[in-house]
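Encoded as structure tokens, the structure appears first; notes follow it.
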Amino acid sequence: MKSEGAKKMDTEKILESLSDMGCNEKEISFMKKMYEEGDTDTLLRDLRKCRCHLMDELHDSQKKVDNMDFLIRQIQKEK
């Protein structure tokens, strides 16, 4: 079983990798500050906001893939 100190270190490592998740430096600094101050409500709100942004990007990419698939099928039909 992990101790509280180990859990906190894991969370800090995850917060450090927020840039890999698409967050900018300003967002990362703010979220780290909220974590350090124990303001988990604000931290969770901002993490959820970033997640929504990522989901929007995912949906946009999925639409592009769907359009590409349609084009591929259309061209294959013409062969």
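We label chains A, B, ... in the order they appear in the structure tokens, count residues from 1 in each chain, and number ligands from 1 in the order shown.
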Checklist line | Surrounding residues of A:Gly22 excluding itself and chain neighbours under 4 positions, 10 Å, only C-alpha atoms, as number ranges by chain | finding: A: 17-18, 27-28, 50-51, 53-54
So that I have them on file, write out the residues from the current selection with C-alpha atoms, as a tab-separated table (two decimals), in the first residue's frame.
```tsv
chain	number	residue	atom	x	y	z
A	17	SER	CA	3.69	16.01	-17.57
A	18	LEU	CA	0.70	18.27	-18.32
A	27	GLU	CA	-2.19	26.54	-17.25
A	28	ILE	CA	0.45	24.23	-15.80
A	50	CYS	CA	-8.39	20.95	-20.43
A	51	ARG	CA	-9.94	17.52	-20.91
A	53	HIS	CA	-10.57	20.94	-24.99
A	54	LEU	CA	-8.71	17.71	-25.79
```
Margin query: Considering only C-alpha atoms, can you say which of A:Gln74, A:Leu15, A:Asp66, A:Lys79 comes closest to A:Leu47?
Written below: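 Among the listed residues, the smallest separation from A:Leu47 belongs to A:Leu15.
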Notebook entry, point to check: Which of these, A:Thr40, A:Met21, A:Lys26, A:Leu71, has the shortest distance to A:Cys52 once you count only C-alpha atoms?
Noted result: A:Met21
Notebook entry, point to check: Which residues, written as a VMD selection string, have at least one atom at most 12 Å from stretch 29-39 of chain A, with only C-alpha atoms counted and residues fewer than 6 positions away on the same chain left out?
Noted result: chain A and resid 8 to 9 11 to 19 23 45 to 50
Keeping only C-alpha atoms, write the selected residues as an mmCIF file, in the first residue's frame.
```cif
data_model
loop_
_atom_site.group_PDB
_atom_site.id
_atom_site.type_symbol
_atom_site.label_atom_id
_atom_site.label_comp_id
_atom_site.auth_asym_id
_atom_site.auth_seq_id
_atom_site.Cartn_x
_atom_site.Cartn_y
_atom_site.Cartn_z
ATOM 1 C CA LYS A 8 1.575 13.035 -3.540
ATOM 2 C CA MET A 9 4.801 12.428 -5.458
ATOM 3 C CA THR A 11 0.452 13.388 -8.530
ATOM 4 C CA GLU A 12 3.303 15.887 -8.751
ATOM 5 C CA LYS A 13 4.923 13.813 -11.524
ATOM 6 C CA ILE A 14 1.643 13.761 -13.408
ATOM 7 C CA LEU A 15 1.270 17.525 -13.021
ATOM 8 C CA GLU A 16 4.770 17.919 -14.447
ATOM 9 C CA SER A 17 3.690 16.013 -17.570
ATOM 10 C CA LEU A 18 0.700 18.267 -18.315
ATOM 11 C CA SER A 19 2.527 19.791 -21.279
ATOM 12 C CA CYS A 23 -1.653 22.180 -21.468
ATOM 13 C CA ARG A 45 -12.231 22.291 -12.643
ATOM 14 C CA ASP A 46 -9.239 23.319 -14.733
ATOM 15 C CA LEU A 47 -8.217 19.726 -15.452
ATOM 16 C CA ARG A 48 -11.747 19.014 -16.658
ATOM 17 C CA LYS A 49 -11.646 22.156 -18.815
ATOM 18 C CA CYS A 50 -8.394 20.954 -20.426
#
```
Note to self: If you run DSSP on the backbone here, which positions in chain A get alpha helix (DSSP H)? Please write them as an MDAnalysis selection string.
What the structure shows: chainID A and resid 4:16 25:37 40:78
